[in-house]
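This is upload14.pdb (PDB, C-alpha atoms).
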ATOM      1  CA  MET A   1     -16.284 -32.491   0.132
ATOM      2  CA  ARG A   2     -16.152 -28.942  -1.194
ATOM      3  CA  THR A   3     -13.037 -26.858  -0.570
ATOM      4  CA  ARG A   4     -13.644 -24.278   2.146
ATOM      5  CA  ILE A   5     -12.379 -20.786   1.375
ATOM      6  CA  ALA A   6     -12.506 -17.895   3.839
ATOM      7  CA  ILE A   7     -12.314 -14.350   2.464
ATOM      8  CA  VAL A   8     -10.543 -12.359   5.159
ATOM      9  CA  TYR A   9     -10.516  -8.562   4.965
ATOM     10  CA  ASN A  10     -10.345  -5.413   7.080
ATOM     11  CA  GLU A  11     -13.709  -3.914   8.006
ATOM     12  CA  PRO A  12     -13.402  -0.178   7.120
ATOM     13  CA  GLN A  13     -13.154   2.070  10.184
ATOM     14  CA  ARG A  14     -13.118   5.823  10.641
ATOM     15  CA  SER A  15      -9.569   7.175  10.604
ATOM     16  CA  HIS A  16      -7.351  10.090   9.630
ATOM     17  CA  TYR A  17      -7.857   9.025   6.003
ATOM     18  CA  ASP A  18     -11.378  10.480   6.218
ATOM     19  CA  ALA A  19     -10.043  13.921   7.157
ATOM     20  CA  ALA A  20      -7.568  13.711   4.285
ATOM     21  CA  GLY A  21     -10.354  12.892   1.812
ATOM     22  CA  GLU A  22      -8.807   9.477   1.206
ATOM     23  CA  GLU A  23     -11.583   7.234   2.525
ATOM     24  CA  LYS A  24     -12.242   5.778  -0.949
ATOM     25  CA  ALA A  25      -9.096   3.674  -0.709
ATOM     26  CA  VAL A  26     -10.295   2.241   2.592
ATOM     27  CA  LEU A  27     -13.798   1.466   1.316
ATOM     28  CA  GLY A  28     -12.467  -0.071  -1.913
ATOM     29  CA  VAL A  29     -11.814  -3.394  -0.189
ATOM     30  CA  LEU A  30     -15.581  -3.984   0.105
ATOM     31  CA  ASN A  31     -15.946  -3.965  -3.694
ATOM     32  CA  ALA A  32     -13.121  -6.480  -3.941
ATOM     33  CA  VAL A  33     -14.763  -8.728  -1.334
ATOM     34  CA  GLU A  34     -18.041  -8.751  -3.285
ATOM     35  CA  ALA A  35     -16.304  -9.552  -6.582
ATOM     36  CA  VAL A  36     -14.165 -12.338  -5.141
ATOM     37  CA  HIS A  37     -17.141 -13.831  -3.279
ATOM     38  CA  ARG A  38     -19.227 -14.003  -6.474
ATOM     39  CA  ALA A  39     -16.378 -15.541  -8.462
ATOM     40  CA  LEU A  40     -15.678 -18.247  -5.871
ATOM     41  CA  LEU A  41     -19.360 -19.183  -5.635
ATOM     42  CA  GLU A  42     -19.432 -19.653  -9.411
ATOM     43  CA  PHE A  43     -16.782 -22.350  -8.968
ATOM     44  CA  ALA A  44     -18.903 -24.045  -6.272
ATOM     45  CA  PHE A  45     -16.510 -23.460  -3.378
ATOM     46  CA  ASP A  46     -17.783 -23.309   0.204
ATOM     47  CA  VAL A  47     -17.204 -19.595   0.895
ATOM     48  CA  THR A  48     -17.304 -17.622   4.142
ATOM     49  CA  ARG A  49     -16.361 -14.035   4.959
ATOM     50  CA  LEU A  50     -14.346 -12.909   7.945
ATOM     51  CA  PRO A  51     -14.090  -9.127   8.473
ATOM     52  CA  LEU A  52     -11.382  -8.083  10.930
ATOM     53  CA  VAL A  53     -11.467  -5.070  13.250
ATOM     54  CA  PRO A  54      -9.041  -3.868  15.935
ATOM     55  CA  PRO A  55      -7.660  -4.631  18.455
ATOM     56  CA  LEU A  56      -4.845  -6.786  17.163
ATOM     57  CA  GLY A  57      -5.142  -9.322  19.997
ATOM     58  CA  GLN A  58      -8.760 -10.091  19.100
ATOM     59  CA  THR A  59      -7.754 -10.494  15.463
ATOM     60  CA  GLY A  60      -5.185 -13.100  16.424
ATOM     61  CA  LYS A  61      -7.796 -15.107  18.317
ATOM     62  CA  LYS A  62     -10.174 -15.109  15.331
ATOM     63  CA  LEU A  63      -7.466 -16.227  12.922
ATOM     64  CA  ARG A  64      -6.182 -18.984  15.211
ATOM     65  CA  SER A  65      -9.704 -20.415  15.527
ATOM     66  CA  LEU A  66     -10.416 -20.185  11.785
ATOM     67  CA  ASN A  67     -11.660 -23.465  10.291
ATOM     68  CA  THR A  68     -10.939 -23.342   6.559
ATOM     69  CA  ASP A  69      -8.829 -24.974   3.864
ATOM     70  CA  VAL A  70      -7.621 -21.773   2.206
ATOM     71  CA  VAL A  71      -7.749 -18.041   2.972
ATOM     72  CA  PHE A  72      -8.315 -15.541   0.184
ATOM     73  CA  ASN A  73      -6.370 -12.656   1.676
ATOM     74  CA  LEU A  74      -7.882  -9.208   1.154
ATOM     75  CA  PHE A  75      -6.689  -7.860   4.506
ATOM     76  CA  GLU A  76      -4.892  -4.538   3.971
ATOM     77  CA  GLY A  77      -4.117  -3.733   7.591
ATOM     78  CA  PHE A  78      -6.130  -1.647  10.019
ATOM     79  CA  CYS A  79      -6.786   2.006   9.168
ATOM     80  CA  GLY A  80      -3.784   4.101  10.090
ATOM     81  CA  GLN A  81      -1.753   0.975  10.942
ATOM     82  CA  PRO A  82      -0.364  -0.229   7.589
ATOM     83  CA  GLU A  83       2.222  -2.385   9.358
ATOM     84  CA  THR A  84      -0.577  -4.721  10.529
ATOM     85  CA  GLU A  85      -1.075  -5.993   6.964
ATOM     86  CA  ALA A  86       1.573  -8.649   7.566
ATOM     87  CA  VAL A  87      -0.182 -10.072  10.636
ATOM     88  CA  LEU A  88      -2.637 -12.272   8.739
ATOM     89  CA  PRO A  89      -0.197 -14.316   6.594
ATOM     90  CA  GLU A  90       2.135 -14.605   9.573
ATOM     91  CA  ILE A  91      -0.512 -16.209  11.819
ATOM     92  CA  LEU A  92      -1.840 -18.404   9.007
ATOM     93  CA  SER A  93       1.668 -19.614   8.257
ATOM     94  CA  GLU A  94       2.059 -20.644  11.912
ATOM     95  CA  ARG A  95      -1.148 -22.697  11.606
ATOM     96  CA  GLY A  96      -0.241 -24.196   8.230
ATOM     97  CA  ILE A  97      -3.207 -22.632   6.437
ATOM     98  CA  PRO A  98      -2.369 -21.528   2.865
ATOM     99  CA  CYS A  99      -3.424 -18.070   1.739
ATOM    100  CA  THR A 100      -3.282 -16.015  -1.431
ATOM    101  CA  GLY A 101      -0.807 -13.190  -1.900
ATOM    102  CA  CYS A 102       2.619 -12.457  -0.493
ATOM    103  CA  PRO A 103       4.152 -13.895   2.700
ATOM    104  CA  ALA A 104       4.499 -11.705   5.785
ATOM    105  CA  SER A 105       8.189 -10.964   5.164
ATOM    106  CA  ALA A 106       7.493  -9.581   1.679
ATOM    107  CA  LEU A 107       4.572  -7.457   2.909
ATOM    108  CA  ARG A 108       6.623  -5.924   5.713
ATOM    109  CA  LEU A 109       9.444  -5.075   3.355
ATOM    110  CA  GLY A 110       7.157  -3.725   0.641
ATOM    111  CA  LEU A 111       5.376  -1.423   3.086
ATOM    112  CA  ASP A 112       8.621   0.099   4.386
ATOM    113  CA  LYS A 113       9.846   2.067   1.382
ATOM    114  CA  ALA A 114      13.041   3.242   3.093
ATOM    115  CA  LYS A 115      14.089  -0.253   4.166
ATOM    116  CA  MET A 116      13.299  -1.528   0.665
ATOM    117  CA  LYS A 117      15.541   1.128  -0.907
ATOM    118  CA  VAL A 118      18.405   0.209   1.437
ATOM    119  CA  LEU A 119      18.046  -3.411   0.319
ATOM    120  CA  LEU A 120      18.056  -2.388  -3.359
ATOM    121  CA  LYS A 121      21.208  -0.316  -2.884
ATOM    122  CA  ALA A 122      22.929  -3.192  -1.095
ATOM    123  CA  ALA A 123      22.094  -5.468  -4.041
ATOM    124  CA  GLY A 124      23.577  -2.988  -6.508
ATOM    125  CA  ILE A 125      20.175  -2.068  -7.981
ATOM    126  CA  LYS A 126      19.826   1.584  -8.929
ATOM    127  CA  THR A 127      17.277   3.599  -6.950
ATOM    128  CA  PRO A 128      17.019   7.380  -6.485
ATOM    129  CA  ASP A 129      18.909   8.838  -3.537
ATOM    130  CA  PHE A 130      16.685   9.501  -0.529
ATOM    131  CA  GLN A 131      16.416  10.769   3.030
ATOM    132  CA  LEU A 132      13.979  10.338   5.905
ATOM    133  CA  LEU A 133      13.083  13.831   7.121
ATOM    134  CA  ASN A 134      10.664  15.513   9.506
ATOM    135  CA  PRO A 135      10.171  19.227  10.299
ATOM    136  CA  GLU A 136      12.689  19.081  13.183
ATOM    137  CA  ILE A 137      15.594  17.860  11.029
ATOM    138  CA  LEU A 138      14.762  19.620   7.763
ATOM    139  CA  ARG A 139      18.134  21.416   7.961
ATOM    140  CA  MET A 140      19.794  18.072   7.147
ATOM    141  CA  PHE A 141      18.351  18.063   3.615
ATOM    142  CA  ARG A 142      21.148  17.322   1.107
ATOM    143  CA  LEU A 143      19.414  16.100  -2.063
ATOM    144  CA  GLY A 144      19.040  17.878  -5.376
ATOM    145  CA  TYR A 145      15.723  19.227  -6.703
ATOM    146  CA  PRO A 146      13.216  18.184  -7.912
ATOM    147  CA  CYS A 147      12.251  15.784  -5.122
ATOM    148  CA  ILE A 148       9.165  13.758  -4.334
ATOM    149  CA  VAL A 149       7.852  13.621  -0.757
ATOM    150  CA  LYS A 150       5.730  10.665   0.355
ATOM    151  CA  PRO A 151       4.767   8.709   3.484
ATOM    152  CA  ARG A 152       7.295   6.054   4.408
ATOM    153  CA  CYS A 153       4.867   3.215   5.134
ATOM    154  CA  GLU A 154       1.591   3.731   3.245
ATOM    155  CA  ASP A 155       0.122   2.092   0.157
ATOM    156  CA  ALA A 156      -2.734   2.939  -2.267
ATOM    157  CA  SER A 157      -0.941   6.255  -3.058
ATOM    158  CA  HIS A 158      -2.020   7.773   0.266
ATOM    159  CA  GLY A 159      -0.395  11.178   0.598
ATOM    160  CA  LEU A 160       0.544  11.522  -3.068
ATOM    161  CA  SER A 161      -0.674  14.493  -5.110
ATOM    162  CA  ALA A 162       0.708  16.877  -7.723
ATOM    163  CA  GLU A 163       2.123  18.908  -4.800
ATOM    164  CA  SER A 164       4.249  15.932  -3.717
ATOM    165  CA  VAL A 165       6.866  16.860  -6.324
ATOM    166  CA  VAL A 166       8.772  19.850  -4.962
ATOM    167  CA  ASN A 167      11.270  22.211  -6.561
ATOM    168  CA  ASP A 168      12.251  24.565  -3.722
ATOM    169  CA  SER A 169      12.753  24.687   0.042
ATOM    170  CA  ALA A 170       9.364  26.263   0.792
ATOM    171  CA  SER A 171       7.481  23.480  -1.015
ATOM    172  CA  LEU A 172       9.730  20.857   0.563
ATOM    173  CA  LYS A 173       9.030  22.187   4.053
ATOM    174  CA  ARG A 174       5.274  22.284   3.410
ATOM    175  CA  GLN A 175       5.073  18.706   2.157
ATOM    176  CA  ILE A 176       7.296  17.260   4.870
ATOM    177  CA  ARG A 177       5.140  18.917   7.520
ATOM    178  CA  LEU A 178       1.943  17.666   5.868
ATOM    179  CA  VAL A 179       3.140  14.060   5.525
ATOM    180  CA  SER A 180       4.683  13.907   9.015
ATOM    181  CA  ASN A 181       1.606  15.341  10.712
ATOM    182  CA  ARG A 182      -0.970  13.347   8.748
ATOM    183  CA  TYR A 183       0.690   9.937   8.560
ATOM    184  CA  GLY A 184       3.138  10.053  11.460
ATOM    185  CA  GLY A 185       6.890   9.616  11.600
ATOM    186  CA  SER A 186       9.329  10.922   9.015
ATOM    187  CA  ALA A 187       8.577  11.561   5.368
ATOM    188  CA  LEU A 188      10.455   9.720   2.636
ATOM    189  CA  VAL A 189      12.126  12.310   0.384
ATOM    190  CA  GLU A 190      13.575  11.023  -2.894
ATOM    191  CA  GLU A 191      15.241  12.695  -5.841
ATOM    192  CA  PHE A 192      12.512  12.720  -8.488
ATOM    193  CA  ILE A 193      13.163  11.016 -11.817
ATOM    194  CA  ASP A 194      10.704  11.729 -14.611
ATOM    195  CA  GLY A 195      10.169   9.183 -17.354
ATOM    196  CA  ARG A 196       8.179   6.165 -18.491
ATOM    197  CA  GLU A 197       6.690   3.916 -15.813
ATOM    198  CA  PHE A 198       6.312   0.154 -16.008
ATOM    199  CA  ASN A 199       4.824  -2.574 -13.819
ATOM    200  CA  ALA A 200       6.313  -6.062 -13.668
ATOM    201  CA  THR A 201       4.375  -8.770 -11.829
ATOM    202  CA  ILE A 202       6.278 -11.836 -10.641
ATOM    203  CA  LEU A 203       4.600 -15.053  -9.500
ATOM    204  CA  SER A 204       6.782 -17.320  -7.436
ATOM    205  CA  ASP A 205       6.575 -20.709  -5.771
ATOM    206  CA  SER A 206       9.610 -22.846  -6.424
ATOM    207  CA  GLU A 207      10.346 -20.883  -9.611
ATOM    208  CA  CYS A 208       9.687 -17.292 -10.701
ATOM    209  CA  SER A 209       7.414 -16.419 -13.606
ATOM    210  CA  VAL A 210       7.244 -12.867 -14.968
ATOM    211  CA  LEU A 211       3.852 -11.856 -16.361
ATOM    212  CA  PRO A 212       3.596  -9.510 -19.372
ATOM    213  CA  ILE A 213       4.985  -6.039 -18.668
ATOM    214  CA  SER A 214       2.460  -3.197 -18.467
ATOM    215  CA  GLU A 215       3.057   0.540 -18.828
ATOM    216  CA  ILE A 216       1.283   3.447 -17.156
ATOM    217  CA  VAL A 217       0.817   6.050 -19.879
ATOM    218  CA  TYR A 218       0.332   9.603 -18.589
ATOM    219  CA  SER A 219      -1.742  11.979 -20.733
ATOM    220  CA  LEU A 220      -1.465  15.124 -18.631
ATOM    221  CA  PRO A 221      -0.890  18.848 -19.066
ATOM    222  CA  SER A 222       2.835  19.629 -19.073
ATOM    223  CA  GLU A 223       2.670  21.397 -15.697
ATOM    224  CA  MET A 224       1.354  18.280 -13.901
ATOM    225  CA  PRO A 225       4.010  15.801 -12.675
ATOM    226  CA  ARG A 226       3.722  12.310 -14.151
ATOM    227  CA  ILE A 227       3.159  10.323 -10.974
ATOM    228  CA  LEU A 228       0.495   7.870  -9.846
ATOM    229  CA  THR A 229      -1.312  10.093  -7.345
ATOM    230  CA  PHE A 230      -4.127   9.129  -4.995
ATOM    231  CA  ALA A 231      -6.530  10.828  -7.421
ATOM    232  CA  ALA A 232      -5.201   8.706 -10.294
ATOM    233  CA  LYS A 233      -6.280   5.555  -8.469
ATOM    234  CA  TRP A 234      -9.480   6.689  -6.815
ATOM    235  CA  GLU A 235     -10.949   9.908  -8.295
ATOM    236  CA  THR A 236     -12.591   9.217 -11.676
ATOM    237  CA  ASP A 237     -13.221  12.924 -12.384
ATOM    238  CA  SER A 238      -9.585  13.962 -11.782
ATOM    239  CA  PRO A 239      -7.263  14.805 -14.709
ATOM    240  CA  TYR A 240      -5.045  12.056 -13.318
TER     241      TYR A 240
END
Could you quickly redo this structure as structure tokens?
Amino acid sequence: MRTRIAIVYNEPQRSHYDAAGEEKAVLGVLNAVEAVHRALLEFAFDVTRLPLVPPLGQTGKKLRSLNTDVVFNLFEGFCGQPETEAVLPEILSERGIPCTGCPASALRLGLDKAKMKVLLKAAGIKTPDFQLLNPEILRMFRLGYPCIVKPRCEDASHGLSAESVVNDSASLKRQIRLVSNRYGGSALVEEFIDGREFNATILSDSECSVLPISEIVYSLPSEMPRILTFAAKWETDSPY
């Protein structure tokens, strides 16, 4: 009997990302679904697709009635609700259905940048000093410039542009207002550290394996901050 694999993903919906010109990140999951589907068929698996749409209660019903051996998890959370990304592995874990990717606990922690930084500090791992700020408490700012301002709980570089790196109070105020209004809640403000940037991927089951280290090499004009902006990931005609 062939192994049954269900590709589960979020069906793109209209959201505030459209108004921000960031819909490409939302639509990108469809390209991934197509590529994964083709690859699994080549290996003769029994493949089905399950797109998920809000509300969350209906999603839970679909997942609890899912009849499959394995889930290939491409669910990135509902548009504008990044915290829902952890729902899928959590429900599947309750049912004993294995799925690709990180467990719910890791996803929740990874999506909350402020909570992650608190954990790093507690473990003695160096991370730039930070604050959570919104326009109403901007007077509490105590960090040194330059700073980088970003959404607290987004991925895919939503909300990151060259203007995210600020060097004065006027720019800081503008970016905090933009991030708070567009993505909700407080903005994460960190002291900005320029330098080389590396990615380290770790695979873990009973033991951890570190894959080869990769570096992001920035070839940019000197006036452009070396950060992985939304344009760097999604806009092929951008200098980034």
Considering all atoms listed in the file, can you say which of A:Leu178, A:Glu207, A:Leu107, A:Leu188 comes closest to Phe130 (chain A)?
A:Leu188
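Of the listed residues A:Val210, A:Lys233, A:Lys117, A:Cys153, the one whose atoms come nearest to Glu190 (chain A) is A:Lys117, with distances taken using only C-alpha atoms.
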Could you state which residues are captured by the PyMOL selection byres ((chain A and resi 163) around 10) in this file, as JSON, numbers by chain?
{"A": [148, 149, 159, 160, 161, 162, 164, 165, 166, 167, 171, 172, 174, 175, 224, 225, 229]}
Restricting the calculation to all atoms listed in the file: of A:Leu41, A:Cys99, A:Leu143, A:Ala200, which residue gets closest to Asp168 (chain A)?
A:Leu143
Near Ala104 (chain A), within 9 Å and counting all atoms listed in the file, which residues show up once chain neighbours fewer than 4 positions away are dropped, as a list in words?
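Result of the neighbour search: Glu85, Ala86, Val87, Leu88, Pro89, Glu90, Ser93, Arg108 and Leu109 of chain A.
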Residues within 8 Å of Ala114 (chain A), only C-alpha atoms, excluding chain neighbours under 4 positions, as a VMD selection string:
chain A and resid 118 132 152 188
Which residues are near Thr3 (chain A)? Cut-off 8 Å, all atoms listed in the file, ignore same chain within fewer than 6 positions. Put them as a PyMOL selection string.
chain A and resi 45-46+69-70
At what distance in Å, to one decimal, does CA of Glu42 (chain A) lie from CA of Cys208 (chain A)?
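Here the two named atoms are 29.2 Å from each other.
Interatomic distance, CA of Tyr17 (chain A) against CA of Pro239 (chain A): 21.5 Å.
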Suppose you want the space between CA of Asp237 (chain A) and CA of Glu23 (chain A); what is it in Å?
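Calculated distance between CA of Asp237 (chain A) and CA of Glu23 (chain A) is 16.0 Å.
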Using the chain letters and numbering of this document, enumerate as a short mmCIF file (atom, residue, chain, number, x, y, z; two decimals) with C-alpha atoms, in the coordinates of the input the residues selected by the PyMOL selection byres ((chain A and resi 55) around 12).
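Done, and the output landed in selection.cif:
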data_model
loop_
_atom_site.label_atom_id
_atom_site.label_comp_id
_atom_site.auth_asym_id
_atom_site.auth_seq_id
_atom_site.Cartn_x
_atom_site.Cartn_y
_atom_site.Cartn_z
CA ASN A 10 -10.34 -5.41 7.08
CA GLN A 13 -13.15 2.07 10.18
CA LEU A 52 -11.38 -8.08 10.93
CA VAL A 53 -11.47 -5.07 13.25
CA PRO A 54 -9.04 -3.87 15.94
CA LEU A 56 -4.84 -6.79 17.16
CA GLY A 57 -5.14 -9.32 20.00
CA GLN A 58 -8.76 -10.09 19.10
CA THR A 59 -7.75 -10.49 15.46
CA GLY A 60 -5.18 -13.10 16.42
CA LYS A 61 -7.80 -15.11 18.32
CA LYS A 62 -10.17 -15.11 15.33
CA GLY A 77 -4.12 -3.73 7.59
CA PHE A 78 -6.13 -1.65 10.02
CA CYS A 79 -6.79 2.01 9.17
CA GLN A 81 -1.75 0.98 10.94
CA THR A 84 -0.58 -4.72 10.53
#
Using all atoms listed in the file, can you tell me which of A:Pro51, A:Phe198, A:His158, A:Ser169 comes closest to Arg139 (chain A)?
A:Ser169
Enumerate, as a ChimeraX atom specification, the protein, DNA and RNA residues whose atoms approach (-14.9, -3.7, -1.4) to within 12 Å, taking into account only C-alpha atoms and the coordinate frame of the file.
/A:7-12,24-37,51,74-76
Take the PyMOL selection byres ((chain A and resi 48) around 6), run it mentally on this structure, and tell me the resulting residues as a PyMOL selection string.
chain A and resi 6+47+49
Just the selected residues (C-alpha atoms), exported as an mmCIF file, in the coordinates of the input, please.
data_model
loop_
_atom_site.group_PDB
_atom_site.id
_atom_site.type_symbol
_atom_site.label_atom_id
_atom_site.label_comp_id
_atom_site.auth_asym_id
_atom_site.auth_seq_id
_atom_site.Cartn_x
_atom_site.Cartn_y
_atom_site.Cartn_z
ATOM 1 C CA ALA A 6 -12.506 -17.895 3.839
ATOM 2 C CA VAL A 47 -17.204 -19.595 0.895
ATOM 3 C CA ARG A 49 -16.361 -14.035 4.959
#
Using only C-alpha atoms, find all polymer residues with an atom at most 7 Å away from the point (10.5, 21.5, 7.7); report them as a list in words.
Asn134, Pro135, Glu136, Leu138, Lys173, Arg174, Ile176 and Arg177 of chain A
Contacts of Asn67 (chain A) at 10 Å or less, counting only C-alpha atoms, minus same-chain residues fewer than 6 places along, as number ranges by chain?
A: 4-6, 97
Can I get the selected residues back with C-alpha atoms, as a short mmCIF file (atom, residue, chain, number, x, y, z; two decimals), in the coordinates of the input?
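Final file, result-v5.cif:
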data_model
loop_
_atom_site.label_atom_id
_atom_site.label_comp_id
_atom_site.auth_asym_id
_atom_site.auth_seq_id
_atom_site.Cartn_x
_atom_site.Cartn_y
_atom_site.Cartn_z
CA ARG A 4 -13.64 -24.28 2.15
CA ILE A 5 -12.38 -20.79 1.38
CA ALA A 6 -12.51 -17.90 3.84
CA ILE A 97 -3.21 -22.63 6.44
#
